[in-house]
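Peer 1: I'd like to ask some things about the structure below.
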Protein chains: 2
Amino acid sequence: MHIESPPVSFEPRLEPPEDFSTLEEQLWPGGTRRDSRGELTLAGHQVSDLVAQYGTPLYVIDEADFRRRARSFTEHFPGWSIHYAGKSFLCRTVARWINEEGLCLDVCSGNELAVALSVGFPPERISLHGNNKTSEELRYGVKAGVGCIVVDSFDEIDRLRVISDDLGRPVPVMVRVTTGIHAETHQYVATSHEDQKFGLSIQSGQALKALLICHDQPQFDLLGIHSHIGSQILEVEGFARAAQITLSLVSQFQDATNDSIQEVNLGGGFGIAYVGSDEPWEMERLSDVLIRDVEKGCHYYDIPETKFAIEPGRAISGPPGVALYTVGTIKDVDIGEGFSRRYVSVDGGMSDNIRTALYDADYTATLANRTSVATPTLSRVVGIHCETGDVLVKDVYLPDDLALGDILAIPASGAYSRAMASNYNYALKPAVVGVVEGDTQVMLRRETLDDLLRLDQGEIGVGFEVEREV
Amino acid sequence: MHIESPPVSFEPRLEPPEDFSTLEEQLWPGGTRRDSRGELTLAGHQVSDLVAQYGTPLYVIDEADFRRRARSFTEHFPGWSIHYAGKSFLCRTVARWINEEGLCLDVCSGNELAVALSVGFPPERISLHGNNKTSEELRYGVKAGVGCIVVDSFDEIDRLRVISDDLGRPVPVMVRVTTGIHAETHQYVATSHEDQKFGLSIQSGQALKALLICHDQPQFDLLGIHSHIGSQILEVEGFARAAQITLSLVSQFQDATNDSIQEVNLGGGFGIAYVGSDEPWEMERLSDVLIRDVEKGCHYYDIPETKFAIEPGRAISGPPGVALYTVGTIKDVDIGEGFSRRYVSVDGGMSDNIRTALYDADYTATLANRTSVATPTLSRVVGIHCETGDVLVKDVYLPDDLALGDILAIPASGAYSRAMASNYNYALKPAVVGVVEGDTQVMLRRETLDDLLRLDQGEIGVGFEVEREV
């Protein structure tokens, strides 16, 4: 067991639902319904059928919803480049979808790049990110012909120059800059300095210096500037502020070189709804504000030719994903002052979704294999791990008749969950299944113990073969 | 990038070291030295040799140190059972060491049990834990003949009874109880209630009720009581308080049944030194205090025959482990008010050790492939991941001449690091190598991209084979 400082008093921020069969539209993939018997269906597939076929824990991705969200960015930001941030969730099938929808792809490791290349993703539409790319990764990116390497330090510029000379190839680069706008969930802070590992600071002059170096070197084709202010941001002003500061850098560059910057990438961080009270911006309003502010800034700084880009990850991959778990032990724990808390244990946990433990993230859950008219009971959904912090959903009203074997569904689970999965306590990584009307496909199969034990080079003993019924 | 709220001001809690070649004895495995040229050696192996052979990131386990720590518990707690908590770090080789040293083993999943059985670990010395064991795991444990199943809820008691009947085997059980003593790092709190998912509360009467049920059922052989108060605890009073409360339950049970409790397991949570300022208890003092307090309690409550057990995990597997990383990008970041912070990026990060990000844990690091007389520079060791919270060591003085290609060693890395490793950003899990004087053995081999891609069922594309030089 590890650290979690549990609140002894009990201040539910939630209202009990009026009807357990109601689905809050903003939380669920477009293809989600309740059928006539109250069972949740995903793109027409009953969750009980999905679970019977693929087991739990299971991550289900609504393909149409994923594609629609990807397309929505390209439609609402005409003329802009939309880069899908692969770190939020990447596998071959996702790379194929992103390619088919015409988006660019951001990768942040050589291995992510390899996954993308393995499905024939056009390398010229791939950007390679990272604060600490190895020389091998840089060479791999250059040889593959990626559209851009986002350089993050002077040291990397030096190494990349050598690699370019060595391979006899010019390298398209952007410079990762920090704007002093640092966004955290629900808010942003503006500081003159940023205490983090990424990029080069605009205020200190290092960003301009790096741009000028890249501009002057024959080894580089300087494409532009990349900034990124944070993640899961639910208001747009931070982006707009960061854009203004980044445009001031473009202006400085223009003044210094009489040359223009081809592209400015404003990064990602667009928040999504995890719980009913989250209010992410409508796409129309997000694009209206961002495009207008960028146009104003370009006019103000006299920047005529620059193209813009953004980098949504979670906003595309998060909402189409639903996690399904089977309910195990249910326990009412007396927490004092006349209150008790219902702990609902499911068959996954922090090994497949560490966001609640790591970021104090909020999630919600619904009874999925049936509906219920039982009394709403404030519950906490926890996992299988030997650790008190192994929580998936901190607070959610679930029906009082919830029972062992029921299926719980957690929405908005497509991003940074399976992508960050571990094998803590030898938990096996869940399968990820894509669903469309009338069809399902295994995107990532469930891990097996044999998969894990392939790494174990220890000597095997004898005499203890015990049959398991899995 | 995700949430990290970085302090803008700069209040180092550390003193610069007088000499970079000095090793703080309490932080390093027993076989750690600096050789005549100042290079770190582990059980006589130069780190540069280990890195040349196995690559980085690399986890090195000093086998003699691991075994010595295991033995130290059995020696200082004569007559007690010592259960190694496998969740801290388990693989076949570790299971073998624990068996050879005569300890018992706690597993908290069917898969951990399978690993132990695969090396011929005697099942009668294994306890099966978990707040949400599946019926399959319970059956597996009973069929394997584990020495004890630690039951965690009434629901599990019911299911286990059915399994016992079905298999025609009595089941040895302990009841997991909560004492109201809840320990967090560096301190403990005593409450009348605990807001967590494990066990059954003594205060509420549920613990006694469960004991009486298990005592009365012919399907069960009631062994005793299991309590566990937390983790990484650096003072012993919490254990002693929890022991007293647990003994009061034994007394209640004796009064109710005229029968005795065979064994009381007081759990684990014994803290270790991660940084120089940590002061874990000396083993002598820990055992003296615990044994004395337990004897006093047994006398007070008139408990004549009960045997005691403890469950160290981290205290055995943590200190023998050293993580080795290769230094990449080094960046001095202006953080305002005249201060700058040196960010030292290494080739691992939160994917192989998430403790700093997850628990705000403290670590330290040392330049390992050489020593230096350069100026101490307050540094932050960060990883490769696209996330500001990807920090390994928050604050450490490293020499000013640290350079790309240097090797950093982080001590006390054996527990809850590789055991919780993920593949975030498609990072590959590091190898774990055991070292003794004159020999090394791969315990867990380094993961490959092919290992990861075995799970990916997406269609492979054509035309983008790019040679990589790994």
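Here, A, B, ... name the chains of the structure tokens in the order displayed, residue numbers run from 1 inside each chain, and ligands are numbered from 1 in the same displayed order.
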Give me the residues within 8 Å of range 371-381 of chain A as number ranges by chain, counting only C-alpha atoms and dropping any in the same chain fewer than 6 places off.

Peer 2: A: 16-17, 19-21, 37-39, 341-346, 391-401

Peer 1: What are the closest atom pairs, with distances in Å to one decimal, for each residue of chain B lying within 6 Å of chain A, using only C-alpha atoms, rows by chain and rising residue number, as JSON lines?

Peer 2:
{"residue": "B:Met1", "atom": "CA", "partner": "A:Gly230", "partner_atom": "CA", "distance": 5.5}
{"residue": "B:His2", "atom": "CA", "partner": "A:Ser231", "partner_atom": "CA", "distance": 5.4}
{"residue": "B:Ile3", "atom": "CA", "partner": "A:Glu184", "partner_atom": "CA", "distance": 5.9}
{"residue": "B:Lys87", "atom": "CA", "partner": "A:Asn425", "partner_atom": "CA", "distance": 5.5}
{"residue": "B:Arg92", "atom": "CA", "partner": "A:Gly458", "partner_atom": "CA", "distance": 5.0}
{"residue": "B:Thr93", "atom": "CA", "partner": "A:Gly458", "partner_atom": "CA", "distance": 5.0}
{"residue": "B:Asn111", "atom": "CA", "partner": "A:Tyr426", "partner_atom": "CA", "distance": 5.8}
{"residue": "B:Leu117", "atom": "CA", "partner": "A:Phe464", "partner_atom": "CA", "distance": 5.7}
{"residue": "B:Ser118", "atom": "CA", "partner": "A:Gly461", "partner_atom": "CA", "distance": 5.6}
{"residue": "B:Val119", "atom": "CA", "partner": "A:Gly461", "partner_atom": "CA", "distance": 3.7}
{"residue": "B:Gly120", "atom": "CA", "partner": "A:Gly461", "partner_atom": "CA", "distance": 4.7}
{"residue": "B:Asn132", "atom": "CA", "partner": "A:Ile384", "partner_atom": "CA", "distance": 5.4}
{"residue": "B:Tyr140", "atom": "CA", "partner": "A:Arg468", "partner_atom": "CA", "distance": 5.9}
{"residue": "B:Ala144", "atom": "CA", "partner": "A:Val466", "partner_atom": "CA", "distance": 5.9}
{"residue": "B:Glu184", "atom": "CA", "partner": "A:Ile3", "partner_atom": "CA", "distance": 5.9}
{"residue": "B:His193", "atom": "CA", "partner": "A:Ile335", "partner_atom": "CA", "distance": 5.2}
{"residue": "B:Glu194", "atom": "CA", "partner": "A:Ile335", "partner_atom": "CA", "distance": 6.0}
{"residue": "B:Asp195", "atom": "CA", "partner": "A:Ile335", "partner_atom": "CA", "distance": 5.5}
{"residue": "B:Gly230", "atom": "CA", "partner": "A:Met1", "partner_atom": "CA", "distance": 5.5}
{"residue": "B:Ser231", "atom": "CA", "partner": "A:His2", "partner_atom": "CA", "distance": 5.4}
{"residue": "B:Thr329", "atom": "CA", "partner": "A:Asn132", "partner_atom": "CA", "distance": 5.6}
{"residue": "B:Ile335", "atom": "CA", "partner": "A:His193", "partner_atom": "CA", "distance": 5.2}
{"residue": "B:Gly336", "atom": "CA", "partner": "A:His193", "partner_atom": "CA", "distance": 5.9}
{"residue": "B:Leu358", "atom": "CA", "partner": "A:Leu358", "partner_atom": "CA", "distance": 5.0}
{"residue": "B:Ile384", "atom": "CA", "partner": "A:Asn132", "partner_atom": "CA", "distance": 5.4}
{"residue": "B:Ala419", "atom": "CA", "partner": "A:Tyr424", "partner_atom": "CA", "distance": 5.7}
{"residue": "B:Met420", "atom": "CA", "partner": "A:Tyr424", "partner_atom": "CA", "distance": 4.7}
{"residue": "B:Ala421", "atom": "CA", "partner": "A:Ser422", "partner_atom": "CA", "distance": 5.5}
{"residue": "B:Ser422", "atom": "CA", "partner": "A:Ser422", "partner_atom": "CA", "distance": 4.2}
{"residue": "B:Tyr424", "atom": "CA", "partner": "A:Met420", "partner_atom": "CA", "distance": 4.7}
{"residue": "B:Asn425", "atom": "CA", "partner": "A:Lys87", "partner_atom": "CA", "distance": 5.5}
{"residue": "B:Tyr426", "atom": "CA", "partner": "A:Asn111", "partner_atom": "CA", "distance": 5.7}
{"residue": "B:Met443", "atom": "CA", "partner": "A:Gln457", "partner_atom": "CA", "distance": 5.2}
{"residue": "B:Leu444", "atom": "CA", "partner": "A:Asp456", "partner_atom": "CA", "distance": 4.6}
{"residue": "B:Arg445", "atom": "CA", "partner": "A:Leu455", "partner_atom": "CA", "distance": 5.1}
{"residue": "B:Leu455", "atom": "CA", "partner": "A:Arg445", "partner_atom": "CA", "distance": 5.1}
{"residue": "B:Asp456", "atom": "CA", "partner": "A:Leu444", "partner_atom": "CA", "distance": 4.6}
{"residue": "B:Gln457", "atom": "CA", "partner": "A:Met443", "partner_atom": "CA", "distance": 5.2}
{"residue": "B:Gly458", "atom": "CA", "partner": "A:Thr93", "partner_atom": "CA", "distance": 5.0}
{"residue": "B:Ile460", "atom": "CA", "partner": "A:Val119", "partner_atom": "CA", "distance": 4.8}
{"residue": "B:Gly461", "atom": "CA", "partner": "A:Val119", "partner_atom": "CA", "distance": 3.7}
{"residue": "B:Val462", "atom": "CA", "partner": "A:Gly120", "partner_atom": "CA", "distance": 5.5}
{"residue": "B:Phe464", "atom": "CA", "partner": "A:Leu117", "partner_atom": "CA", "distance": 5.7}
{"residue": "B:Val466", "atom": "CA", "partner": "A:Ala144", "partner_atom": "CA", "distance": 5.9}
{"residue": "B:Arg468", "atom": "CA", "partner": "A:Tyr140", "partner_atom": "CA", "distance": 5.9}

Peer 1: Calculate how many Å separate CA of Leu290 in chain A from CA of Ala309 in chain A, rounding to one decimal.

Peer 2: 11.0 Å

Peer 1: Where does DSSP see helix (DSSP H, G or I) in range 73-286 of chain A, if you list the residues as an MDAnalysis selection string?

Peer 2: chainID A and resid 73:76 86:88 92:100 110:118 123:125 135:144 154:167 206:216 237:257 283:286

Peer 1: Let's have the selection written as a short mmCIF file (atom, residue, chain, number, x, y, z; two decimals), in the first residue's frame, with C-alpha atoms.

Peer 2:
data_model
loop_
_atom_site.label_atom_id
_atom_site.label_comp_id
_atom_site.auth_asym_id
_atom_site.auth_seq_id
_atom_site.Cartn_x
_atom_site.Cartn_y
_atom_site.Cartn_z
CA PHE A 73 -10.28 19.76 -36.32
CA THR A 74 -9.43 19.83 -40.03
CA GLU A 75 -12.87 21.26 -40.84
CA HIS A 76 -12.80 23.97 -38.19
CA GLY A 86 0.56 10.05 -30.82
CA LYS A 87 1.65 10.00 -27.21
CA SER A 88 -2.01 10.12 -26.14
CA ARG A 92 -1.01 0.71 -35.98
CA THR A 93 -4.75 1.05 -36.41
CA VAL A 94 -4.80 4.55 -34.93
CA ALA A 95 -1.90 5.58 -37.16
CA ARG A 96 -3.86 4.29 -40.16
CA TRP A 97 -7.01 6.20 -39.16
CA ILE A 98 -5.02 9.41 -38.67
CA ASN A 99 -3.41 8.95 -42.06
CA GLU A 100 -6.71 8.24 -43.78
CA GLY A 110 11.92 6.50 -32.35
CA ASN A 111 9.62 3.65 -31.43
CA GLU A 112 6.48 5.73 -32.00
CA LEU A 113 8.00 6.67 -35.35
CA ALA A 114 8.56 2.99 -36.15
CA VAL A 115 4.91 2.20 -35.41
CA ALA A 116 3.78 4.95 -37.76
CA LEU A 117 6.15 3.94 -40.54
CA SER A 118 5.06 0.31 -40.22
CA PRO A 123 6.99 10.36 -43.21
CA GLU A 124 6.73 13.87 -44.58
CA ARG A 125 3.58 14.29 -42.46
CA SER A 135 21.46 10.50 -31.77
CA GLU A 136 20.13 7.17 -33.02
CA GLU A 137 16.58 8.52 -32.95
CA LEU A 138 17.65 11.68 -34.76
CA ARG A 139 19.42 9.64 -37.47
CA TYR A 140 16.40 7.38 -37.78
CA GLY A 141 14.12 10.38 -38.22
CA VAL A 142 16.36 12.00 -40.82
CA LYS A 143 16.80 8.75 -42.77
CA ALA A 144 13.07 8.12 -42.69
CA PHE A 154 21.40 23.77 -28.57
CA ASP A 155 23.07 20.45 -27.96
CA GLU A 156 20.55 18.77 -30.22
CA ILE A 157 21.14 21.36 -32.92
CA ASP A 158 24.84 20.51 -32.81
CA ARG A 159 24.23 16.78 -33.00
CA LEU A 160 21.67 17.14 -35.76
CA ARG A 161 24.11 19.19 -37.84
CA VAL A 162 26.64 16.39 -37.66
CA ILE A 163 24.01 13.82 -38.60
CA SER A 164 22.88 15.93 -41.54
CA ASP A 165 26.45 16.21 -42.81
CA ASP A 166 27.00 12.53 -42.28
CA LEU A 167 23.88 11.46 -44.15
CA GLN A 206 17.53 31.69 -26.40
CA ALA A 207 14.63 30.87 -28.69
CA LEU A 208 15.59 33.59 -31.17
CA LYS A 209 19.21 32.56 -30.95
CA ALA A 210 18.30 28.97 -31.83
CA LEU A 211 16.12 30.14 -34.71
CA LEU A 212 18.94 32.24 -36.11
CA ILE A 213 21.40 29.37 -35.82
CA CYS A 214 19.02 27.02 -37.63
CA HIS A 215 18.32 29.70 -40.24
CA ASP A 216 21.99 30.22 -40.94
CA GLU A 237 -7.29 32.31 -23.38
CA GLY A 238 -4.04 30.56 -22.51
CA PHE A 239 -3.61 29.43 -26.10
CA ALA A 240 -4.37 32.91 -27.36
CA ARG A 241 -1.85 34.49 -24.98
CA ALA A 242 0.81 31.97 -25.97
CA ALA A 243 0.07 32.60 -29.63
CA GLN A 244 0.64 36.35 -29.18
CA ILE A 245 3.99 35.79 -27.52
CA THR A 246 5.01 33.30 -30.17
CA LEU A 247 4.05 35.77 -32.89
CA SER A 248 6.23 38.39 -31.23
CA LEU A 249 9.10 35.94 -31.72
CA VAL A 250 8.18 35.54 -35.40
CA SER A 251 8.33 39.31 -35.66
CA GLN A 252 11.76 39.43 -34.03
CA PHE A 253 12.94 36.77 -36.42
CA GLN A 254 11.60 38.68 -39.42
CA ASP A 255 13.33 41.84 -38.25
CA ALA A 256 16.60 40.01 -37.73
CA THR A 257 16.64 38.11 -41.01
CA MET A 283 -15.05 23.27 -31.42
CA GLU A 284 -16.71 26.24 -33.22
CA ARG A 285 -15.83 28.61 -30.43
CA LEU A 286 -12.32 27.23 -29.97
#

Peer 1: If DSSP is run on the backbone, what residues of range 198-243 of chain A are strand (DSSP E or B)? A reply as a VMD selection string would be ideal.

Peer 2: chain A and resid 200 to 201 220 to 227 230 233

Peer 1: What's the separation between CA of Leu14 in chain B and CA of Gly180 in chain A, in Å to one decimal place?

Peer 2: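 Distance between the two atoms: 27.5 Å.
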
Peer 1: What does the structure give for the distance between CA of Leu103 in chain A and CA of Arg68 in chain A, in Å to one decimal?

Peer 2: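 If I compute the distance from CA of Leu103 in chain A to CA of Arg68 in chain A, I get 12.1 Å.
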
Peer 1: Neighbouring residues of Phe220 in chain A were defined as those with any atom within 6 Å, considering only C-alpha atoms; residues of the same chain fewer than 6 positions away were excluded. Please report them as number ranges by chain.

Peer 2: A: 170-172, 214
